Amino acid sequence: MINMENILTVKSKMELIDEEITHKYVDELRAKESRIDFTKDGWVNEMRAIESEYRQKIQPELAFIRTTVGEVLVSNNFKDLQAMSVLLEDTQRLKNYITPTFEEMDENVSGGSTEYITLSLVLFMARNLEPDARDEMVYFNDLLRFCESKKVDLKTILKHLLPFASDEIKYGNYSVRTLFQNAAEQSAPSKQQ
């Protein structure tokens, strides 16, 4: 059963954060983007630098809402996952920034935490996907490789999330539960070395 009090609380916080990151910083972002000369070499790197700077500016808001979302989901054993997914989809910019980047996950792991990896997996579980899920599969495989390279005990995280993963077929012939089970089994041998 969905805990409406938790959902309403997180909804108001999401709306506030979304408003902040959409309006507080976006004028500066657009001004910088409008000065990019797309006819010159290096415009892609310039766009990435602007995007990276924007992410840095909104980092406090992102950290707050990520923690809030994680706490609400955990407090109700992930029963609010679909409701949370709908709330995120209704945001203007937050839906594009809530999933931590690999750089942010790297910082988080270096600080001794797997919170952002867990959050990334939870958000992966919650996504309402189009029939073509190739980008999501690429992301999931990149996440697995990242965890392997950082020697993160992914098996434990996946086993913890497995009971909450859907059996609905979303990725070709696979469900989130199947993907998590396969990944947990494949990560097992490297932990026994």
# chains A, B, ... in the order shown; residues from 1 in each chain; ligands from 1
call {"tool": "select_by_dssp", "arguments": {"residues": "region 68-151 of chain A", "states": "helix (DSSP H, G or I)", "output": "PyMOL selection string"}}
result
chain A and resi 68-75+81-89+94-97+102-110+115-126+134-149
call {"tool": "residues_around", "arguments": {"residues": "Leu81 (chain A)", "least_positions_apart": "5", "cutoff": "10 Å", "atoms": "only C-alpha atoms", "output": "JSON, numbers by chain"}}
result
{"A": [2, 69, 72, 73, 74, 76, 86, 87, 122, 123, 125, 126, 127, 164, 165]}
call {"tool": "write_last_selection", "arguments": {"atoms": "all heavy atoms", "output": "mmCIF file, in the first residue's frame"}}
result
data_model
loop_
_atom_site.group_PDB
_atom_site.id
_atom_site.type_symbol
_atom_site.label_atom_id
_atom_site.label_comp_id
_atom_site.auth_asym_id
_atom_site.auth_seq_id
_atom_site.Cartn_x
_atom_site.Cartn_y
_atom_site.Cartn_z
ATOM 1 N N ILE A 2 0.522 2.218 -0.816
ATOM 2 C CA ILE A 2 1.294 3.451 -0.927
ATOM 3 C C ILE A 2 1.036 4.329 0.283
ATOM 4 O O ILE A 2 -0.093 4.520 0.703
ATOM 5 C CB ILE A 2 0.924 4.197 -2.224
ATOM 6 C CG1 ILE A 2 1.411 3.395 -3.426
ATOM 7 C CG2 ILE A 2 1.491 5.596 -2.245
ATOM 8 C CD1 ILE A 2 0.962 3.938 -4.743
ATOM 9 N N VAL A 69 14.313 11.046 -1.564
ATOM 10 C CA VAL A 69 13.668 9.990 -2.353
ATOM 11 C C VAL A 69 14.087 8.617 -1.832
ATOM 12 O O VAL A 69 13.249 7.736 -1.621
ATOM 13 C CB VAL A 69 13.994 10.144 -3.857
ATOM 14 C CG1 VAL A 69 13.639 8.889 -4.642
ATOM 15 C CG2 VAL A 69 13.276 11.355 -4.441
ATOM 16 N N VAL A 72 12.415 7.833 1.586
ATOM 17 C CA VAL A 72 10.978 7.553 1.462
ATOM 18 C C VAL A 72 10.758 6.154 0.888
ATOM 19 O O VAL A 72 9.920 5.402 1.379
ATOM 20 C CB VAL A 72 10.271 8.633 0.603
ATOM 21 C CG1 VAL A 72 8.882 8.192 0.190
ATOM 22 C CG2 VAL A 72 10.194 9.947 1.359
ATOM 23 N N LEU A 73 11.526 5.804 -0.132
ATOM 24 C CA LEU A 73 11.366 4.475 -0.735
ATOM 25 C C LEU A 73 11.722 3.369 0.251
ATOM 26 O O LEU A 73 11.000 2.385 0.381
ATOM 27 C CB LEU A 73 12.211 4.370 -2.005
ATOM 28 C CG LEU A 73 11.712 5.200 -3.186
ATOM 29 C CD1 LEU A 73 12.721 5.173 -4.319
ATOM 30 C CD2 LEU A 73 10.351 4.719 -3.674
ATOM 31 N N VAL A 74 12.821 3.538 0.951
ATOM 32 C CA VAL A 74 13.255 2.528 1.922
ATOM 33 C C VAL A 74 12.237 2.393 3.054
ATOM 34 O O VAL A 74 11.922 1.286 3.492
ATOM 35 C CB VAL A 74 14.660 2.865 2.473
ATOM 36 C CG1 VAL A 74 15.004 2.022 3.687
ATOM 37 C CG2 VAL A 74 15.702 2.651 1.385
ATOM 38 N N ASN A 76 9.141 2.549 3.140
ATOM 39 C CA ASN A 76 7.938 1.782 2.812
ATOM 40 C C ASN A 76 8.282 0.567 1.929
ATOM 41 O O ASN A 76 7.470 0.134 1.122
ATOM 42 C CB ASN A 76 6.896 2.687 2.136
ATOM 43 C CG ASN A 76 5.494 2.123 2.224
ATOM 44 O OD1 ASN A 76 5.183 1.316 3.095
ATOM 45 N ND2 ASN A 76 4.646 2.531 1.308
ATOM 46 N N VAL A 86 6.242 8.305 -11.269
ATOM 47 C CA VAL A 86 5.275 9.232 -11.863
ATOM 48 C C VAL A 86 5.584 10.659 -11.431
ATOM 49 O O VAL A 86 5.566 11.588 -12.257
ATOM 50 C CB VAL A 86 3.828 8.827 -11.482
ATOM 51 C CG1 VAL A 86 2.834 9.915 -11.864
ATOM 52 C CG2 VAL A 86 3.462 7.510 -12.145
ATOM 53 N N LEU A 87 5.880 10.847 -10.151
ATOM 54 C CA LEU A 87 6.224 12.190 -9.650
ATOM 55 C C LEU A 87 7.443 12.751 -10.382
ATOM 56 O O LEU A 87 7.457 13.913 -10.779
ATOM 57 C CB LEU A 87 6.525 12.160 -8.148
ATOM 58 C CG LEU A 87 5.356 11.944 -7.195
ATOM 59 C CD1 LEU A 87 5.855 11.953 -5.760
ATOM 60 C CD2 LEU A 87 4.286 13.000 -7.390
ATOM 61 N N VAL A 122 17.740 1.766 -8.149
ATOM 62 C CA VAL A 122 16.326 1.952 -7.805
ATOM 63 C C VAL A 122 15.623 2.766 -8.889
ATOM 64 O O VAL A 122 14.511 2.431 -9.313
ATOM 65 C CB VAL A 122 16.187 2.630 -6.419
ATOM 66 C CG1 VAL A 122 14.763 3.114 -6.180
ATOM 67 C CG2 VAL A 122 16.608 1.666 -5.323
ATOM 68 N N LEU A 123 16.266 3.826 -9.362
ATOM 69 C CA LEU A 123 15.669 4.640 -10.428
ATOM 70 C C LEU A 123 15.561 3.838 -11.724
ATOM 71 O O LEU A 123 14.612 3.992 -12.485
ATOM 72 C CB LEU A 123 16.475 5.922 -10.641
ATOM 73 C CG LEU A 123 16.409 6.920 -9.471
ATOM 74 C CD1 LEU A 123 17.405 8.044 -9.674
ATOM 75 C CD2 LEU A 123 15.004 7.465 -9.279
ATOM 76 N N MET A 125 14.979 0.651 -11.780
ATOM 77 C CA MET A 125 13.819 -0.206 -11.537
ATOM 78 C C MET A 125 12.508 0.534 -11.809
ATOM 79 O O MET A 125 11.536 -0.061 -12.264
ATOM 80 C CB MET A 125 13.800 -0.676 -10.068
ATOM 81 C CG MET A 125 14.817 -1.710 -9.709
ATOM 82 S SD MET A 125 15.004 -1.929 -7.899
ATOM 83 C CE MET A 125 13.344 -2.098 -7.295
ATOM 84 N N ALA A 126 12.500 1.821 -11.522
ATOM 85 C CA ALA A 126 11.261 2.602 -11.574
ATOM 86 C C ALA A 126 10.910 3.132 -12.958
ATOM 87 O O ALA A 126 9.778 3.542 -13.183
ATOM 88 C CB ALA A 126 11.374 3.782 -10.608
ATOM 89 N N ARG A 127 11.864 3.157 -13.861
ATOM 90 C CA ARG A 127 11.614 3.803 -15.154
ATOM 91 C C ARG A 127 10.495 3.140 -15.943
ATOM 92 O O ARG A 127 10.412 1.925 -16.026
ATOM 93 C CB ARG A 127 12.892 3.814 -15.990
ATOM 94 C CG ARG A 127 13.890 4.791 -15.422
ATOM 95 C CD ARG A 127 14.984 5.114 -16.415
ATOM 96 N NE ARG A 127 15.978 5.896 -15.717
ATOM 97 C CZ ARG A 127 17.116 5.410 -15.236
ATOM 98 N NH1 ARG A 127 17.429 4.157 -15.419
ATOM 99 N NH2 ARG A 127 17.952 6.187 -14.600
ATOM 100 N N PHE A 164 12.101 -6.396 -4.558
ATOM 101 C CA PHE A 164 11.277 -5.257 -4.965
ATOM 102 C C PHE A 164 11.279 -5.047 -6.481
ATOM 103 O O PHE A 164 10.579 -4.183 -6.992
ATOM 104 C CB PHE A 164 11.768 -3.988 -4.266
ATOM 105 C CG PHE A 164 11.998 -4.196 -2.795
ATOM 106 C CD1 PHE A 164 13.289 -4.244 -2.280
ATOM 107 C CD2 PHE A 164 10.933 -4.382 -1.927
ATOM 108 C CE1 PHE A 164 13.506 -4.463 -0.925
ATOM 109 C CE2 PHE A 164 11.137 -4.613 -0.576
ATOM 110 C CZ PHE A 164 12.428 -4.643 -0.067
ATOM 111 N N ALA A 165 12.069 -5.838 -7.191
ATOM 112 C CA ALA A 165 12.192 -5.696 -8.641
ATOM 113 C C ALA A 165 11.000 -6.357 -9.343
ATOM 114 O O ALA A 165 10.511 -7.399 -8.920
ATOM 115 C CB ALA A 165 13.503 -6.322 -9.116
#
call {"tool": "atom_distance", "arguments": {"atom1": "CA of Phe180 (chain A)", "atom2": "CA of Asn96 (chain A)"}}
result
23.4 Å
call {"tool": "residues_around", "arguments": {"residues": "Glu61 (chain A)", "least_positions_apart": "5", "cutoff": "12 Å", "atoms": "only C-alpha atoms", "output": "ChimeraX atom specification"}}
result
/A:13-22,24-25,54-56,66-68,94,97-98
call {"tool": "closest_residue", "arguments": {"among": "A:Tyr116, A:Tyr171, A:Lys151, A:Ser166", "to": "Lys79 (chain A)", "atoms": "only C-alpha atoms"}}
result
A:Ser166
call {"tool": "closest_atom_pairs", "arguments": {"of": "region 155-184 of chain A", "to": "region 118-121 of chain A", "cutoff": "9 Å", "atoms": "only C-alpha atoms", "output": "JSON lines"}}
result
{"residue": "A:Ile157", "atom": "CA", "partner": "A:Thr118", "partner_atom": "CA", "distance": 6.7}
{"residue": "A:Leu158", "atom": "CA", "partner": "A:Leu121", "partner_atom": "CA", "distance": 8.3}
{"residue": "A:Leu161", "atom": "CA", "partner": "A:Leu121", "partner_atom": "CA", "distance": 8.4}
call {"tool": "write_last_selection", "arguments": {"atoms": "N, CA and C atoms", "output": "PDB file, in the first residue's frame"}}
result
ATOM      1  N   ILE A 157      23.997  -5.426  -2.927  1.00  0.00           N
ATOM      2  CA  ILE A 157      23.004  -4.397  -3.253  1.00  0.00           C
ATOM      3  C   ILE A 157      21.881  -5.000  -4.097  1.00  0.00           C
ATOM      4  N   LEU A 158      22.246  -5.764  -5.117  1.00  0.00           N
ATOM      5  CA  LEU A 158      21.242  -6.374  -5.993  1.00  0.00           C
ATOM      6  C   LEU A 158      20.355  -7.360  -5.241  1.00  0.00           C
ATOM      7  N   LEU A 161      17.784  -5.485  -3.331  1.00  0.00           N
ATOM      8  CA  LEU A 161      16.737  -4.879  -4.166  1.00  0.00           C
ATOM      9  C   LEU A 161      15.872  -5.906  -4.894  1.00  0.00           C
TER      10      LEU A 161
END
